[in-house]
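Enquirer: Pasting a structure here, questions to come.
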Amino acid sequence: MCGIFAYAGSENAVPLLIDGLRSVEYRGYDSAGISVIDESGSIQTVKRGDHKSSLENLAEAVSSGKLSGQVGIGHTRWATHGVVNQKNSHPHSSSDGTVSIAHNGIIENFLELKDELIDSGIEFKSETDSEVLAHLIGNAVESGSSLREAVIGAASRIRGNTAVVAVSAAEPGIAVGLRVGNAGGIVIGKNDSAAVMASDTIALLPYINEVIYLEPGEVVEIERGVIRLFNLEGSVIERESVVTAQNFEAAQKGNHPHFMSKEIAEQPEAIQGALRGRADFAAGTLDIPEITLTRDQIKSIDRIILTGMGTAYNTALYGASVIESLARIPATAQNSSELRYSNPVLNSNTLVIAVTQSGETADTLAAMEHARQAGSPVGVVVEFEGSQATRIADFTLPVRAGQEIGVASTKTMIASMTTLLQLAVSLGQIRGILDADRVKQIVGQLAELPSLVATTLELDGEITPLAERLATFGDLLYLGRGDQVPIALEGALKMKELAYIHPEGNPAGEMKHGMNALLGSDMATIVCAPKNGLYEKMLSNISEVKARGGEVAAIVTEGDDVVERIADHMIQVPDSPEILQPFMTLIPMQILAYRTALALGRDPDKPRNLAKTVTVE
Ligand code: AGP
């Protein structure tokens with residue numbers, strides 16, 4: 001959840017730390033802080049705990065240039081333990097101020113460790129779990145350990161998933177990083193004049209395009225031009241760097257007011273990225289070369305579980321629906337945080353497919369590991385190709401949407417849906433359910449998808465007045481049926497995370513079983529009702545809402561002249577083959593949430609209490 005960054009090199013670390021934090025700020029923006037070792041060899045720490053303005057206020061605080069040093073660490077926080085304020089902001093220091101740490105993750109046994117440290121006379125300055133690390137490491141350094149030894153010693157005391165970077169005044173030329181479990185990665189890179197590490201590759205790209213990923217249970221020491229890796233026994237690890245495909249420019253806002261608007265606009269290209277190298281439009285064929293399962297293995301699959309969290313879970317629901325429908329394999333979606341605790345029946349014939357933009361979501365990684373241990377083949381549909389999820393999975397299906405910075409997932413959802421639709425076709429083909437003609441037909445339809453989505457994006461202007469109307473409601477209901485259910489759920493999720501309006505997403509058939517009690521003039525209903533086999537049932541649902549005094553906004557297929565007679569607002573999406581309709585209705589849902597958030601004065605890129613990558617359970 002939090003972002004960490006460390007620099008050891010020949011330049012003044014302060015502006016570089018601020019730039020590094022800007023790149024990882026989307027992981028948490030409750031506070032921001034840096035520690036640098038100054039010319040006198042002392043650690044100087046500056047931090048701000050001002051919610052969304054923390055990093056800008058920090059940048060302002062160090063802009064005079066008085067603070068400088070060639071080694072430092074930085075942190076942007078997503079609060080878990082302790083309220084958002086300056087005192088709880090990272091970095092945290094040891095009692096004598098000679099060690100400073102920045103932490104991502106949760107120390108599950110921190111109360112026990114804190115009591116022990118308090119009993120030994122240590123005074124805590126914050127309410128965070130992280131501060132125990134500063135004292136454990138500080139005590140060990142004071143007793144003569146090197147910073148690396150002290151960090152390894154601390155690793156043996158803590159429980160839970162953790163990533164931490166640390167500096168010590170006793171070794172002013174280095175910074176040390178540690179990864180325990182899956183608390184968001186640490187990526188490391190170097191050039192001749194510096195070495196850097198961060199939670200995310202994007203922060204390293206101004207320096208280098210070859211990176212090393214720290215694995216769980218590993219420690220790294222960086223100094224100018226040097227990277228040294230160790231395991232928790234202190235033995236040296238050799239690892240080659242890998243070239244990253246990520247691109248720094250692609251992760252900038254450009255002319256867009258927000259990352260979210262840029263990423264919504266990039267969806268036609270995101271779909272093309274997901275189709276590239278898989279769908280052959282000239283031949284009308286489809287092949288997913290990244291699937292490493294043998295044909296026999298694919299034929300023996302008797303169940304597929306798709307798993308993910310938040311938007312990725314909604315995408316998994318879509319995936320289950322399209323896989324079962326096209327490949328005729330029983331498929332369900334399960335929330336990753338529940339998967340391993342629900343004692344599911346898993347064996348070598350159960351294929352588990354995780355969906356995750358970041359590839360670092362703690363619950364999703366845990367679900368994947370659980371499935372692997374149970375002997376199930378595991379695949380991942382993912383944006384970040386070097387992420388931990390890709391190292392757990394047996395095969396990786398990159399969605400290739402391009403880096404998504406906005407906290408709200410948009411283009412990665414549509415690219416993941418495109419990937420899952422192709423997976424469904426591929427499985428159906430291999431299992432003899434779909435013949436070459438049907439595959440050719442679907443591939444032909446997929447060829448139209450980017451331009452259909454581009455046309456749907458033009459609805460922005462029409463959606464704005466509806467968004468302004470929805471902004472006046474405190475409660476919203478989202479309804480869909482069949483493959484529109486995940487879209488209704490996603491519409492509700494987007495609206496709650498960005499506009500902070502309370503929405504409920506439901507299968508439309510469910511409304512009579514409880515939701516109807518809430519219908520009335522103070523709740524608006526958003527209905528996904530494209531022209532398909534369930535259209536007439538949706539018309540009944542709209543009428544039922546209207547009969548109870550509710551206001552209805554319907555997302556319908558272009559040319560629909562029935563819904564306009566009963567609904568209050570209508571958004572018409574391009575007519576498309578039924579198989580593509582969820583893509584058409586998803587776009588207005590995203591724009592609606594974005595525009596409603598703006599109408600209410602929210603910051604769509606930094607919704608309150610959220611972070612892009614959720615590395616704690
Ligand atoms: C939705 O807009 C959020 N970004 C969130 O629900 C997200 O989809 C979820 O946290 C999962 O993240 P992942 O795709 O990186 O695993």
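Each chain in the structure tokens gets a letter, A, B and so on, in the order shown; residues start at 1 in every chain, and ligands are counted from 1 in the order they appear.
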Around ligand 1, which protein and nucleic acid residues have at least one atom no more than 7 Å from it, if we count only C-alpha atoms and all ligand atoms? List them as a list in words.
Expert: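 Taking only C-alpha atoms and all ligand atoms into account, the residues around ligand 1 at most 7 Å away are Gly308, Met309, Gly310, Thr311, Ala312, Val355, Thr356, Gln357, Ser358, Gly359, Glu360, Thr361, Thr364, Val407, Ala408, Ser409, Thr410, Lys494, Lys612, Thr613 and Val614 of chain A.
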Enquirer: Tell me which protein, DNA and RNA residues are within 10 Å of Gly184 in chain A, counting only C-alpha atoms, leaving out same-chain ones fewer than 3 positions away, and put them as a list in words.
Expert: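 These residues fall inside the cut-off: Met1, Cys2, Gly3, Ile4, Arg27, Asn104, Gly105, Asn161, Thr162, Ala163, Arg179, Val180, Gly181, Val187, Ala198, Ser199, Asp200, Pro216, Ser358, Gly359, Glu360, Thr361, Ala362, Ser387, Gln388, Thr613, Val614, Thr615 and Val616 of chain A.
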Enquirer: For a quick check of understanding, using only C-alpha atoms, which of A:Leu452, A:Ala529, A:Met368, A:Ala102 has the smallest distance to Ile353 in chain A?
Expert: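 Closest candidate: A:Met368.
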Enquirer: Which residues of range 436-492 of chain A have any atom within 10 Å of an atom in range 417-422 of chain A when counting only C-alpha atoms, and what is the closest pair of atoms for each, with the distance in Å to one decimal? Order the rows by chain and rising number and write it as a tab-separated table.
Expert:
residue	atom	partner	partner_atom	distance
A:Val439	CA	A:Gln422	CA	9.8
A:Ile442	CA	A:Gln422	CA	9.1
A:Val443	CA	A:Gln422	CA	8.7
A:Leu446	CA	A:Thr418	CA	8.5
A:Leu449	CA	A:Thr418	CA	9.2
Enquirer: Take the selection from the previous step and output its residues with C-alpha atoms, as a CSV table (one decimal), in the first residue's frame.
Expert:
chain,number,residue,atom,x,y,z
A,439,VAL,CA,-13.8,-18.7,-33.7
A,442,ILE,CA,-15.6,-14.0,-32.7
A,443,VAL,CA,-12.2,-12.8,-33.9
A,446,LEU,CA,-13.0,-8.6,-31.6
A,449,LEU,CA,-13.9,-3.7,-30.4
Enquirer: So which one's closest to Arg400 in chain A, A:Ala32, A:Met413, A:Ala436, A:Leu58? Using only C-alpha atoms, please.
Expert: A:Met413
Enquirer: Excluding Ile291 in chain A and residues on its chain fewer than 6 positions from it, collect all residues at most 10 Å away from it, counting only C-alpha atoms, and give them as a list in words.
Expert: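 In the requested format, the answer is Ile298, Gly379, Asp394, Phe395, Thr396, Leu397, Leu423 and Ser426 of chain A.
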Enquirer: Write the residues you've just listed into a file as a short mmCIF file (atom, residue, chain, number, x, y, z; two decimals), in the first residue's frame, and include C-alpha atoms for each of them.
Expert:
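What landed in part14.cif:
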data_model
loop_
_atom_site.label_atom_id
_atom_site.label_comp_id
_atom_site.auth_asym_id
_atom_site.auth_seq_id
_atom_site.Cartn_x
_atom_site.Cartn_y
_atom_site.Cartn_z
CA ILE A 298 -6.62 -28.25 -20.70
CA GLY A 379 -2.62 -18.67 -14.22
CA ASP A 394 2.39 -21.38 -13.76
CA PHE A 395 1.52 -19.12 -16.67
CA THR A 396 1.04 -15.40 -17.12
CA LEU A 397 -1.36 -13.68 -19.47
CA LEU A 423 -8.96 -17.21 -23.04
CA SER A 426 -9.05 -20.53 -26.75
#
Enquirer: Nearest residue to Leu457 in chain A out of A:Leu592, A:Leu136, A:Met570, A:Leu580, using only C-alpha atoms?
Expert: A:Leu592
